[in-house]
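Chemist: Dropping in input_17.txt, with compact mmCIF, C-alpha atoms.
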# COMPACT_ATOMS: atom_id res chain seq x y z
CA MET A 1 130.60 135.80 130.30
CA LYS A 2 128.11 136.57 127.58
CA LYS A 3 128.05 132.94 126.39
CA THR A 4 127.77 131.67 129.98
CA ALA A 5 124.87 133.98 130.69
CA PHE A 6 123.15 132.81 127.51
CA ILE A 7 123.45 129.15 128.50
CA LEU A 8 122.25 129.93 132.05
CA ALA A 9 119.23 131.77 130.68
CA GLY A 10 118.51 128.92 128.28
CA LEU A 11 118.67 126.35 131.04
CA CYS A 12 116.36 128.39 133.21
CA ILE A 13 113.83 128.87 130.45
CA LEU A 14 113.91 125.19 129.50
CA HIS A 15 113.58 124.18 133.11
CA GLY A 16 110.81 126.63 133.87
CA LEU A 17 112.90 128.57 136.37
CA SER A 18 113.55 132.26 136.92
CA ALA A 19 117.09 133.60 136.64
CA GLU A 20 117.23 133.96 140.43
CA THR A 21 116.17 130.36 141.15
CA GLN A 22 118.69 128.05 142.79
CA ILE A 23 120.17 125.71 140.18
CA SER A 24 121.47 122.19 140.73
CA ALA A 25 125.10 121.24 141.17
CA SER A 26 125.06 119.57 137.74
CA GLN A 27 123.77 122.73 136.11
CA GLN A 28 126.41 124.82 137.86
CA LYS A 29 129.10 122.41 136.77
CA PHE A 30 127.88 122.57 133.18
CA ILE A 31 127.76 126.36 133.08
CA LYS A 32 131.09 127.01 134.76
CA GLY A 33 133.11 124.07 133.49
CA ASN A 34 135.18 123.25 130.45
CA ILE A 35 134.08 120.67 127.86
CA ILE A 36 135.13 117.75 130.05
CA ASP A 37 133.23 119.23 133.00
CA LYS A 38 130.17 119.77 130.82
CA THR A 39 130.27 116.12 129.76
CA ALA A 40 130.55 115.00 133.37
CA ALA A 41 127.65 117.29 134.33
CA VAL A 42 125.40 115.76 131.67
CA LYS A 43 126.35 112.26 132.80
CA GLU A 44 125.66 113.14 136.45
CA SER A 45 122.36 114.88 135.75
CA SER A 46 119.15 113.27 136.94
CA GLY A 47 116.12 112.43 134.86
CA THR A 48 114.55 115.72 135.91
CA GLU A 49 117.41 117.70 134.38
CA GLN A 50 116.70 116.99 130.72
CA PRO A 51 117.56 120.60 129.75
CA LEU A 52 121.23 119.80 130.38
CA ALA A 53 121.17 117.24 127.57
CA GLU A 54 119.71 119.80 125.19
CA ALA A 55 122.20 122.43 126.37
CA GLY A 56 124.95 119.93 125.61
CA LEU A 57 123.67 119.52 122.08
CA ASP A 58 123.48 123.28 121.66
CA PHE A 59 127.10 123.61 122.75
CA VAL A 60 128.21 120.90 120.32
CA ILE A 61 126.26 122.46 117.44
CA GLU A 62 127.73 125.88 118.23
CA TYR A 63 131.39 124.85 118.42
CA GLN A 64 131.77 121.71 116.32
CA PRO A 65 132.21 123.73 113.10
CA LEU A 66 135.11 125.52 114.83
CA LEU A 67 136.71 122.61 116.68
CA GLY A 68 136.03 119.89 114.12
CA ASP A 69 135.78 116.30 115.32
CA ASP A 70 137.41 117.03 118.65
CA ARG A 71 137.43 113.98 120.92
CA ASP A 72 136.21 115.87 123.99
CA LEU A 73 133.44 117.56 122.02
CA SER A 74 132.40 114.18 120.61
CA ALA A 75 132.22 112.81 124.15
CA LEU A 76 129.90 115.65 125.12
CA ALA A 77 127.76 114.99 122.06
CA ILE A 78 127.41 111.29 122.88
CA ALA A 79 126.66 111.93 126.56
CA SER A 80 124.04 114.54 125.64
CA ILE A 81 122.38 112.25 123.10
CA LEU A 82 122.23 109.32 125.52
CA ALA A 83 120.73 111.57 128.21
CA LEU A 84 117.79 112.51 126.00
CA PRO A 85 114.38 110.82 126.42
CA LYS A 86 114.14 107.41 124.76
CA SER A 87 110.98 108.40 122.85
CA SER A 88 108.86 111.46 122.15
CA THR A 89 107.32 113.28 125.09
CA THR A 90 103.89 114.82 125.45
CA ASP A 91 105.54 118.09 124.48
CA SER A 92 105.53 117.81 120.67
CA GLY A 93 107.39 121.10 120.37
CA TYR A 94 110.26 119.73 122.46
CA THR A 95 110.35 116.49 120.48
CA GLU A 96 110.42 118.38 117.17
CA ARG A 97 113.18 120.65 118.42
CA ILE A 98 115.33 117.75 119.64
CA ALA A 99 114.86 115.91 116.35
CA GLU A 100 116.05 118.97 114.46
CA LYS A 101 119.13 119.25 116.65
CA LEU A 102 119.96 115.57 116.20
CA VAL A 103 119.76 116.04 112.44
CA THR A 104 122.20 118.96 112.75
CA VAL A 105 124.60 116.97 114.90
CA PHE A 106 124.53 114.11 112.41
CA THR A 107 125.12 116.47 109.50
CA GLN A 108 128.03 118.29 111.13
CA SER A 109 129.94 115.35 112.60
CA LYS A 110 132.16 112.80 110.92
CA ASP A 111 132.65 110.85 114.12
CA GLU A 112 131.03 107.41 113.57
CA THR A 113 130.03 106.94 117.20
CA VAL A 114 128.39 110.37 117.36
CA CYS A 115 126.52 109.86 114.09
CA ILE A 116 125.28 106.39 115.01
CA ALA A 117 124.15 107.58 118.44
CA ALA A 118 122.28 110.50 116.82
CA LEU A 119 120.55 108.13 114.38
CA ASP A 120 119.60 105.68 117.12
CA LYS A 121 117.97 108.47 119.11
CA LEU A 122 116.48 110.17 116.07
CA THR A 123 114.72 107.05 114.74
CA PRO A 124 111.96 106.80 117.38
CA LEU A 125 111.51 110.58 117.42
CA ALA A 126 111.23 110.78 113.64
CA THR A 127 108.80 107.85 113.65
CA GLU A 128 106.53 109.83 115.93
CA LEU A 129 106.97 113.03 113.91
CA SER A 130 107.07 111.57 110.39
CA SER A 131 110.11 113.78 109.99
CA GLY A 132 110.64 114.44 106.31
CA LYS A 133 113.85 116.35 106.90
CA ALA A 134 115.53 113.46 108.70
CA VAL A 135 114.53 110.98 105.98
CA ALA A 136 115.67 113.31 103.21
CA LEU A 137 119.05 113.69 104.94
CA MET A 138 119.48 109.93 105.23
CA ASN A 139 118.36 109.37 101.64
CA THR A 140 121.03 111.78 100.44
CA HIS A 141 123.69 110.06 102.52
CA LEU A 142 122.76 106.56 101.33
CA ALA A 143 122.44 107.57 97.67
CA ALA A 144 125.90 109.15 97.78
CA ALA A 145 127.39 106.09 99.50
CA GLY A 146 125.83 103.84 96.88
CA ALA A 147 127.11 106.00 94.04
CA GLU A 148 130.65 105.83 95.42
CA GLN A 149 130.43 102.02 95.68
CA ALA A 150 133.04 102.13 98.41
CA GLU A 151 132.93 99.81 101.40
CA ALA A 152 129.89 100.58 103.54
CA SER A 153 130.84 102.48 106.69
CA GLN A 154 129.18 101.89 110.03
CA ILE A 155 127.38 105.21 109.56
CA THR A 156 126.00 104.04 106.23
CA LEU A 157 124.79 100.78 107.76
CA ALA A 158 123.11 102.73 110.57
CA VAL A 159 121.42 104.94 107.97
CA LEU A 160 120.28 101.83 106.11
CA ALA A 161 118.72 100.39 109.27
CA ALA A 162 117.04 103.69 110.15
CA LEU A 163 115.53 104.06 106.69
CA GLY A 164 114.03 100.60 107.03
CA LYS A 165 111.95 102.07 109.86
CA LEU A 166 111.41 105.61 108.58
CA GLY A 167 111.92 105.61 104.83
CA ASN A 168 109.67 106.71 101.99
CA SER A 169 109.37 105.96 98.28
CA ASP A 170 112.69 107.67 97.56
CA SER A 171 114.33 105.50 100.21
CA PHE A 172 112.88 102.38 98.58
CA ALA A 173 114.28 103.34 95.18
CA ILE A 174 117.76 103.89 96.65
CA VAL A 175 117.82 100.66 98.67
CA TYR A 176 116.33 98.62 95.82
CA SER A 177 119.06 99.91 93.50
CA ILE A 178 121.75 99.02 96.03
CA TRP A 179 120.27 95.53 96.40
CA LYS A 180 119.77 95.00 92.66
CA ASN A 181 123.31 96.08 91.82
CA LYS A 182 124.70 93.93 94.63
CA TYR A 183 126.66 96.68 96.34
CA TRP A 184 128.25 95.75 99.67
CA PRO A 185 127.92 91.95 99.36
CA ASP A 186 129.33 91.57 102.87
CA HIS A 187 126.19 93.27 104.18
CA THR A 188 123.54 91.46 102.15
CA ALA A 189 121.50 90.56 105.24
CA GLU A 190 121.27 94.20 106.38
CA ILE A 191 120.33 95.37 102.89
CA GLU A 192 117.66 92.70 102.49
CA LYS A 193 116.21 93.52 105.92
CA ALA A 194 115.95 97.24 105.07
CA LEU A 195 114.58 96.48 101.60
CA THR A 196 111.87 94.23 103.03
CA ALA A 197 110.86 96.78 105.65
CA LEU A 198 110.68 99.52 103.00
CA SER A 199 108.75 97.23 100.66
CA ILE A 200 106.12 96.72 103.35
CA ARG A 201 106.01 100.47 104.10
CA THR A 202 105.66 101.38 100.41
CA ALA A 203 103.87 98.34 98.95
CA SER A 204 102.93 100.14 95.74
CA ASP A 205 106.64 100.67 95.00
CA ALA A 206 107.29 96.97 95.56
CA VAL A 207 104.54 96.09 93.06
CA LYS A 208 106.00 98.52 90.51
CA ALA A 209 109.46 96.98 90.94
CA ILE A 210 108.06 93.53 90.18
CA SER A 211 106.19 94.81 87.14
CA ALA A 212 109.22 96.64 85.74
CA GLY A 213 111.83 93.95 86.33
CA SER A 214 112.67 90.78 84.45
CA VAL A 215 111.44 87.36 85.55
CA SER A 216 114.86 86.70 87.10
CA GLU A 217 114.74 89.95 89.09
CA ALA A 218 111.17 89.27 90.20
CA ALA A 219 112.14 85.77 91.33
CA GLU A 220 115.12 87.03 93.33
CA TYR A 221 113.17 89.90 94.88
CA PHE A 222 110.22 87.65 95.75
CA ALA A 223 112.60 85.21 97.44
CA VAL A 224 113.99 88.03 99.59
CA LEU A 225 110.51 89.15 100.63
CA LYS A 226 109.34 85.61 101.39
CA LYS A 227 112.34 85.05 103.62
CA ASN A 228 112.12 88.33 105.54
CA ALA A 229 108.41 89.26 105.60
CA LEU A 230 107.17 86.28 107.59
CA ASN A 231 104.93 88.41 109.80
CA ALA A 232 103.38 90.43 106.96
CA LYS A 233 100.98 87.80 105.63
CA ASN A 234 98.70 90.07 103.60
CA PHE A 235 101.62 91.97 102.12
CA ILE A 236 103.44 88.88 100.88
CA ALA A 237 100.17 87.45 99.52
CA GLU A 238 99.56 90.64 97.55
CA ILE A 239 103.11 90.49 96.21
CA ALA A 240 102.59 86.84 95.25
CA GLU A 241 99.46 87.81 93.33
CA ASN A 242 101.41 90.40 91.36
CA VAL A 243 104.26 87.97 90.74
CA LEU A 244 101.85 85.33 89.40
CA SER A 245 100.17 87.91 87.20
CA LYS A 246 103.55 88.95 85.79
CA THR A 247 104.47 85.37 84.96
CA ILE A 248 101.17 84.77 83.16
CA TYR A 249 101.49 87.78 80.92
CA THR A 250 105.26 87.79 80.44
CA ALA A 251 106.64 87.78 76.92
CA GLU A 252 109.78 85.94 77.98
CA GLY A 253 108.35 82.51 77.10
CA PHE A 254 108.17 79.26 79.05
CA SER A 255 111.20 78.31 81.14
CA GLY A 256 112.06 76.30 84.20
CA GLU A 257 112.75 79.50 86.13
CA LEU A 258 109.34 80.87 85.18
CA VAL A 259 107.60 77.68 86.34
CA GLU A 260 109.41 77.71 89.68
CA LEU A 261 108.40 81.32 90.26
CA GLN A 262 104.77 80.56 89.40
CA LEU A 263 104.70 77.62 91.80
CA SER A 264 106.24 79.72 94.56
CA ALA A 265 103.71 82.51 94.09
CA LEU A 266 100.76 80.12 93.90
CA SER A 267 101.89 78.35 97.07
CA VAL A 268 101.94 81.65 99.00
CA ILE A 269 98.50 82.60 97.65
CA ALA A 270 97.03 79.24 98.65
CA GLU A 271 98.66 79.15 102.09
CA SER A 272 97.50 82.71 102.78
CA GLN A 273 93.99 81.98 101.52
CA TRP A 274 94.32 85.09 99.38
CA THR A 275 90.92 84.79 97.69
CA ARG A 276 91.37 88.14 95.96
CA ALA A 277 93.55 86.26 93.47
CA SER A 278 90.89 83.60 92.73
CA LYS A 279 90.21 84.61 89.13
CA LEU A 280 93.91 84.95 88.44
CA VAL A 281 94.55 81.45 89.80
CA ILE A 282 91.89 79.95 87.52
CA LYS A 283 93.48 81.73 84.58
CA TYR A 284 96.87 80.42 85.66
CA PHE A 285 95.61 76.82 85.60
CA GLU A 286 95.21 77.02 81.83
CA VAL A 287 98.79 78.31 81.58
CA ALA A 288 99.99 75.46 83.79
CA ARG A 289 98.15 72.94 81.60
CA ASN A 290 100.03 74.21 78.57
CA GLU A 291 103.34 74.20 80.42
CA TYR A 292 102.75 70.63 81.55
CA ALA A 293 101.66 69.51 78.08
CA SER A 294 104.76 71.08 76.55
CA GLY A 295 107.08 69.39 79.04
CA VAL A 296 108.30 72.60 80.70
CA MET A 297 106.40 71.73 83.89
CA SER A 298 107.03 68.35 85.48
CA GLU A 299 104.37 65.91 86.61
CA SER A 300 105.05 66.59 90.29
CA GLN A 301 104.93 70.34 89.73
CA PHE A 302 101.59 70.07 87.96
CA THR A 303 100.09 67.99 90.74
CA ALA A 304 101.28 70.68 93.18
CA VAL A 305 99.39 73.27 91.12
CA ILE A 306 96.23 71.18 91.32
CA GLY A 307 96.61 70.72 95.07
CA ASN A 308 97.07 74.43 95.71
CA ILE A 309 94.04 75.29 93.61
CA ALA A 310 91.98 72.93 95.76
CA LYS A 311 93.44 74.53 98.89
CA LEU A 312 92.44 78.03 97.76
CA ALA A 313 89.12 76.74 96.35
CA PRO A 314 88.27 79.59 93.96
CA PRO A 315 84.55 79.68 92.96
CA GLU A 316 85.24 78.30 89.47
CA SER A 317 87.74 75.64 90.57
CA ALA A 318 85.27 72.73 90.57
CA VAL A 319 84.11 73.47 87.04
CA THR A 320 87.68 74.02 85.82
CA LEU A 321 89.01 70.79 87.33
CA SER A 322 85.94 68.82 86.26
CA THR A 323 86.47 69.97 82.70
CA TYR A 324 90.10 68.92 82.88
CA LEU A 325 89.15 65.51 84.30
CA ALA A 326 86.69 65.11 81.44
CA ASP A 327 89.57 65.65 79.00
CA LEU A 328 91.67 63.09 80.86
CA ASN A 329 88.76 60.64 80.75
CA LYS A 330 88.46 61.17 77.02
CA ASN A 331 92.13 60.34 76.58
CA ALA A 332 91.76 57.26 78.77
CA ALA A 333 88.76 56.11 76.72
CA GLU A 334 90.97 56.36 73.64
CA ASN A 335 93.67 54.24 75.34
CA ALA A 336 95.91 57.27 75.93
CA VAL A 337 95.97 56.82 79.70
CA PRO A 338 97.23 59.99 81.43
CA ALA A 339 99.77 60.06 84.25
CA LYS A 340 98.26 58.39 87.29
CA SER A 341 99.58 60.98 89.75
CA VAL A 342 97.88 63.78 87.80
CA VAL A 343 94.54 61.92 87.61
CA LEU A 344 94.71 61.16 91.33
CA ALA A 345 95.52 64.81 92.11
CA VAL A 346 92.48 66.03 90.15
CA ILE A 347 90.18 63.42 91.72
CA SER A 348 91.45 64.26 95.22
CA ALA A 349 90.98 67.98 94.58
CA LEU A 350 87.41 67.47 93.38
CA GLY A 351 86.63 65.37 96.43
CA GLU A 352 88.10 68.06 98.68
CA LEU A 353 86.06 70.76 96.95
CA GLY A 354 82.92 68.64 97.29
CA ASP A 355 81.08 70.41 94.49
CA LYS A 356 78.39 68.22 92.91
CA THR A 357 79.22 69.58 89.44
CA ALA A 358 82.02 66.98 89.46
CA PHE A 359 79.58 64.06 89.78
CA ASP A 360 79.40 63.00 86.11
CA THR A 361 83.15 63.16 85.45
CA LEU A 362 84.01 61.34 88.69
CA LEU A 363 81.43 58.66 87.99
CA TYR A 364 82.76 58.17 84.47
CA VAL A 365 86.21 57.43 85.92
CA THR A 366 84.77 54.26 87.47
CA TYR A 367 83.73 52.97 84.01
CA LEU A 368 87.13 53.40 82.36
CA SER A 369 90.28 51.32 82.28
CA TYR A 370 92.06 53.23 85.02
CA PRO A 371 94.13 51.37 87.65
CA GLU A 372 92.05 50.11 90.58
CA ASP A 373 93.44 52.70 93.02
CA VAL A 374 92.31 55.50 90.68
CA ILE A 375 88.81 54.04 90.46
CA GLN A 376 88.69 53.66 94.24
CA ALA A 377 89.80 57.29 94.68
CA ALA A 378 86.96 58.38 92.37
CA ARG A 379 84.42 56.45 94.45
CA GLU A 380 85.70 58.07 97.63
CA ALA A 381 85.54 61.53 96.01
CA LEU A 382 81.95 60.84 94.91
CA ALA A 383 81.04 60.06 98.50
CA ARG A 384 82.40 63.45 99.59
CA LEU A 385 80.29 65.52 97.22
CA LYS A 386 77.81 67.83 98.90
CA TRP A 387 74.23 67.73 97.73
Would it be possible to restate this file's structure as structure tokens?

Modeler:
Amino acid sequence: MKKTAFILAGLCILHGLSAETQISASQQKFIKGNIIDKTAAVKESSGTEQPLAEAGLDFVIEYQPLLGDDRDLSALAIASILALPKSSTTDSGYTERIAEKLVTVFTQSKDETVCIAALDKLTPLATELSSGKAVALMNTHLAAAGAEQAEASQITLAVLAALGKLGNSDSFAIVYSIWKNKYWPDHTAEIEKALTALSIRTASDAVKAISAGSVSEAAEYFAVLKKNALNAKNFIAEIAENVLSKTIYTAEGFSGELVELQLSALSVIAESQWTRASKLVIKYFEVARNEYASGVMSESQFTAVIGNIAKLAPPESAVTLSTYLADLNKNAAENAVPAKSVVLAVISALGELGDKTAFDTLLYVTYLSYPEDVIQAAREALARLKW
């Protein structure tokens, strides 16, 4: 009787009713019935009887430690969770209270369906509340699951997905470690999705990960972000800038992998018109020249570098490319004719830039022993210069 009276009083208070007020049939069924009746009452309740859902959670929280993962109690938990509002209400106190109870249900239960339902409902509420407690709970769960290196349970995968939406810097570190160490290879797509979402949420952590890792790790991580962050243009451009910077200053030496990573980063910067990286791109051109001269970078790769520089059009690009064309002209004058594709790429880039500082070097091309199509390209580029 005492427990029944307590629940009745709670329902009345939550519903804004006095103890003498007539209650609905669903509320009567919940108060008087057994667990199965309570579940049925929650299912039958209307949208105006939200207190029944909360009362169901209270009952589960009260008796789950005693009954364990009882099937009937789990059914009540699931019904109560599904009957809750789909997002936060105007009553922030109610939303906070429900979020706390969902955290408790998740913590107490080992039933996968109950835990996943609690997470699904908690995610939008915690997003609204910036709930640190919920995120801390999920971080602990995921870190423990990663440490065990056992097969990922459905609960763990649900936690992973939720942290992609709610997580913090600690979440990023946990998920990045799971990804880096290649835990749960059967769930690579889910891990990469969560990692990308967390990288966008905590961009400074993503930058630190690139800085701290090897070239191989940076290349793999950048590939994941490029594939999954298609709608985060500024984010991926900023990451590309940091990747390019890392490759310029790395002590690992020239390699084919390094060149591929540089080209990938430069392409993203150019496509995104990320002008913040303009000075870095000009600095990179000198690196690319050395890589091409040493044979680490192919002719086609070097022409791609030139084309992307023209696409980004940094302020110093015309001077830089004009200086390079002057060097090529010098070689041509000494009968060391450079690769035609490279000369054409530089001429095309200068024409596209249209800066009149290129006039002398372009004009000189027409006086040298270049193939006729190169000379014609120089004339066309001259015509495009802006005066």

Chemist: Between A:Leu353, A:Leu125, A:Ala277, A:Leu119, single out the one closest to Tyr94 in chain A, counting all atoms listed in the file.

Modeler: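 Among the listed residues, A:Leu125 lies closest to Tyr94 in chain A.
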
Chemist: Which centre and which edge lengths, in Å to one decimal, describe the axis-aligned box that holds all listed atoms of range 355-368 of chain A after 4 Å is added on each side, as JSON?

Modeler:
{"center_x": 82.8, "center_y": 61.7, "center_z": 88.4, "size_x": 16.7, "size_y": 25.4, "size_z": 20.1}

Chemist: Please provide the set of residues having any atom within 9 Å of range 69-72 of chain A, restricted to all atoms listed in the file, with same-chain residues fewer than 6 positions apart removed, written as a PyMOL selection string.

Modeler: chain A and resi 35-36+39+109-111

Chemist: Restricting the calculation to only C-alpha atoms: of A:Glu252, A:Glu286, A:Glu260, A:Glu220, which residue gets closest to Gln301 in chain A?

Modeler: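 Among the listed residues, A:Glu260 lies closest to Gln301 in chain A.
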
Chemist: Which residues, written as a tab-separated table (two decimals) with C-alpha atoms, keeping the file's coordinate frame, have at least one atom at most 7 Å from range 54-62 of chain A, with all atoms listed in the file counted and residues fewer than 2 positions away on the same chain left out?

Modeler:
chain	number	residue	atom	x	y	z
A	50	GLN	CA	116.70	116.99	130.72
A	51	PRO	CA	117.56	120.60	129.75
A	52	LEU	CA	121.23	119.80	130.38
A	64	GLN	CA	131.77	121.71	116.32
A	73	LEU	CA	133.44	117.56	122.02
A	76	LEU	CA	129.90	115.65	125.12
A	77	ALA	CA	127.76	114.99	122.06
A	80	SER	CA	124.04	114.54	125.64
A	105	VAL	CA	124.60	116.97	114.90

Chemist: Contacts of Ser264 in chain A at 9 Å or less, counting only C-alpha atoms, minus same-chain residues fewer than 2 places along, as a ChimeraX atom specification?

Modeler: /A:222-223,240,244,259-262,266-269

Chemist: Any chance you can output those residues with C-alpha atoms as a CSV table (one decimal), in the coordinates of the input?

Modeler:
chain,number,residue,atom,x,y,z
A,222,PHE,CA,110.2,87.6,95.8
A,223,ALA,CA,112.6,85.2,97.4
A,240,ALA,CA,102.6,86.8,95.2
A,244,LEU,CA,101.8,85.3,89.4
A,259,VAL,CA,107.6,77.7,86.3
A,260,GLU,CA,109.4,77.7,89.7
A,261,LEU,CA,108.4,81.3,90.3
A,262,GLN,CA,104.8,80.6,89.4
A,266,LEU,CA,100.8,80.1,93.9
A,267,SER,CA,101.9,78.4,97.1
A,268,VAL,CA,101.9,81.6,99.0
A,269,ILE,CA,98.5,82.6,97.6

Chemist: Neighbours of Lys121 in chain A within 12 Å (all atoms listed in the file; same-chain residues fewer than 4 positions away dropped), as a count of residues only?

Modeler: 31

Chemist: For Val305 in chain A, please output as a list in words all residues within 9 Å (counting all atoms listed in the file; exclusion window: fewer than 3 positions along the same chain).

Modeler: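 Returned residues: Leu263, Leu266, Ser267, Phe285, Ala288, Ser300, Gln301, Phe302, Asn308, Ile309 and Ala310 of chain A.
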
Chemist: So what do you get for CA of Asp186 in chain A versus CA of Lys165 in chain A, distance-wise?

Modeler: 21.5 Å

Chemist: Mind listing whatever residues come within 9 Å of the point (110.4, 88.6, 95.8)? Use all atoms listed in the file, file coordinates, and give them as a list in words.

Modeler: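 Residues satisfying the cut-off, written out: Ala206, Ile210, Glu217, Ala218, Ala219, Glu220, Tyr221, Phe222, Ala223, Val224, Leu225, Lys226, Lys227, Ile236, Ile239, Ala240 and Val243 of chain A.
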
Chemist: Rounded to one decimal in Å, what is the spacing between CA of Lys38 in chain A and CA of Glu112 in chain A?

Modeler: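 These two atoms are separated by 21.2 Å.
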
Chemist: At what distance in Å, to one decimal, does CA of Ala333 in chain A lie from CA of Ser369 in chain A?

Modeler: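 Between CA of Ser369 in chain A and CA of Ala333 in chain A the gap works out to 7.5 Å.
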
Chemist: List every protein, DNA or RNA residue that has at least one atom no more than 9 Å from (125.4, 98.7, 106.3) in the file's coordinates, counting only C-alpha atoms, and write the result as a CSV table (one decimal) with C-alpha atoms, in the frame of the given file.

Modeler:
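So point_39.csv came out as:
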chain,number,residue,atom,x,y,z
A,152,ALA,CA,129.9,100.6,103.5
A,153,SER,CA,130.8,102.5,106.7
A,154,GLN,CA,129.2,101.9,110.0
A,155,ILE,CA,127.4,105.2,109.6
A,156,THR,CA,126.0,104.0,106.2
A,157,LEU,CA,124.8,100.8,107.8
A,158,ALA,CA,123.1,102.7,110.6
A,159,VAL,CA,121.4,104.9,108.0
A,160,LEU,CA,120.3,101.8,106.1
A,161,ALA,CA,118.7,100.4,109.3
A,184,TRP,CA,128.2,95.8,99.7
A,186,ASP,CA,129.3,91.6,102.9
A,187,HIS,CA,126.2,93.3,104.2
A,188,THR,CA,123.5,91.5,102.2
A,190,GLU,CA,121.3,94.2,106.4
A,191,ILE,CA,120.3,95.4,102.9

Chemist: Smallest atom-to-atom distance to Phe254 in chain A: which of A:Ala381, A:Gly295, A:Leu280, A:Leu230, using only C-alpha atoms?

Modeler: A:Gly295

Chemist: Take range 341-346 of chain A, bring it up to all heavy atoms, and give me the output as a PDB file, in the coordinates of the input.

Modeler:
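Saved result, out11.pdb, follows:
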ATOM      1  N   SER A 341      99.478  60.002  88.663  1.00  0.00           N
ATOM      2  CA  SER A 341      99.580  60.980  89.750  1.00  0.00           C
ATOM      3  C   SER A 341      98.737  62.219  89.460  1.00  0.00           C
ATOM      4  O   SER A 341      98.148  62.813  90.378  1.00  0.00           O
ATOM      5  CB  SER A 341     101.039  61.378  89.973  1.00  0.00           C
ATOM      6  OG  SER A 341     101.562  62.061  88.853  1.00  0.00           O
ATOM      7  N   VAL A 342      98.671  62.608  88.179  1.00  0.00           N
ATOM      8  CA  VAL A 342      97.880  63.780  87.800  1.00  0.00           C
ATOM      9  C   VAL A 342      96.387  63.472  87.954  1.00  0.00           C
ATOM     10  O   VAL A 342      95.627  64.276  88.507  1.00  0.00           O
ATOM     11  CB  VAL A 342      98.207  64.210  86.356  1.00  0.00           C
ATOM     12  CG1 VAL A 342      97.244  65.312  85.888  1.00  0.00           C
ATOM     13  CG2 VAL A 342      99.647  64.688  86.267  1.00  0.00           C
ATOM     14  N   VAL A 343      95.960  62.306  87.485  1.00  0.00           N
ATOM     15  CA  VAL A 343      94.540  61.920  87.610  1.00  0.00           C
ATOM     16  C   VAL A 343      94.147  61.870  89.080  1.00  0.00           C
ATOM     17  O   VAL A 343      93.100  62.384  89.482  1.00  0.00           O
ATOM     18  CB  VAL A 343      94.276  60.564  86.928  1.00  0.00           C
ATOM     19  CG1 VAL A 343      92.801  60.184  87.084  1.00  0.00           C
ATOM     20  CG2 VAL A 343      94.658  60.601  85.465  1.00  0.00           C
ATOM     21  N   LEU A 344      95.000  61.258  89.898  1.00  0.00           N
ATOM     22  CA  LEU A 344      94.710  61.160  91.330  1.00  0.00           C
ATOM     23  C   LEU A 344      94.642  62.548  91.980  1.00  0.00           C
ATOM     24  O   LEU A 344      93.811  62.795  92.856  1.00  0.00           O
ATOM     25  CB  LEU A 344      95.762  60.306  92.024  1.00  0.00           C
ATOM     26  CG  LEU A 344      95.655  58.791  91.813  1.00  0.00           C
ATOM     27  CD1 LEU A 344      96.874  58.092  92.397  1.00  0.00           C
ATOM     28  CD2 LEU A 344      94.373  58.249  92.449  1.00  0.00           C
ATOM     29  N   ALA A 345      95.523  63.441  91.548  1.00  0.00           N
ATOM     30  CA  ALA A 345      95.520  64.810  92.110  1.00  0.00           C
ATOM     31  C   ALA A 345      94.214  65.520  91.782  1.00  0.00           C
ATOM     32  O   ALA A 345      93.629  66.192  92.644  1.00  0.00           O
ATOM     33  CB  ALA A 345      96.706  65.587  91.566  1.00  0.00           C
ATOM     34  N   VAL A 346      93.735  65.376  90.552  1.00  0.00           N
ATOM     35  CA  VAL A 346      92.480  66.030  90.150  1.00  0.00           C
ATOM     36  C   VAL A 346      91.307  65.417  90.915  1.00  0.00           C
ATOM     37  O   VAL A 346      90.435  66.145  91.430  1.00  0.00           O
ATOM     38  CB  VAL A 346      92.255  65.901  88.633  1.00  0.00           C
ATOM     39  CG1 VAL A 346      90.908  66.521  88.252  1.00  0.00           C
ATOM     40  CG2 VAL A 346      93.380  66.581  87.866  1.00  0.00           C
TER      41      VAL A 346
END
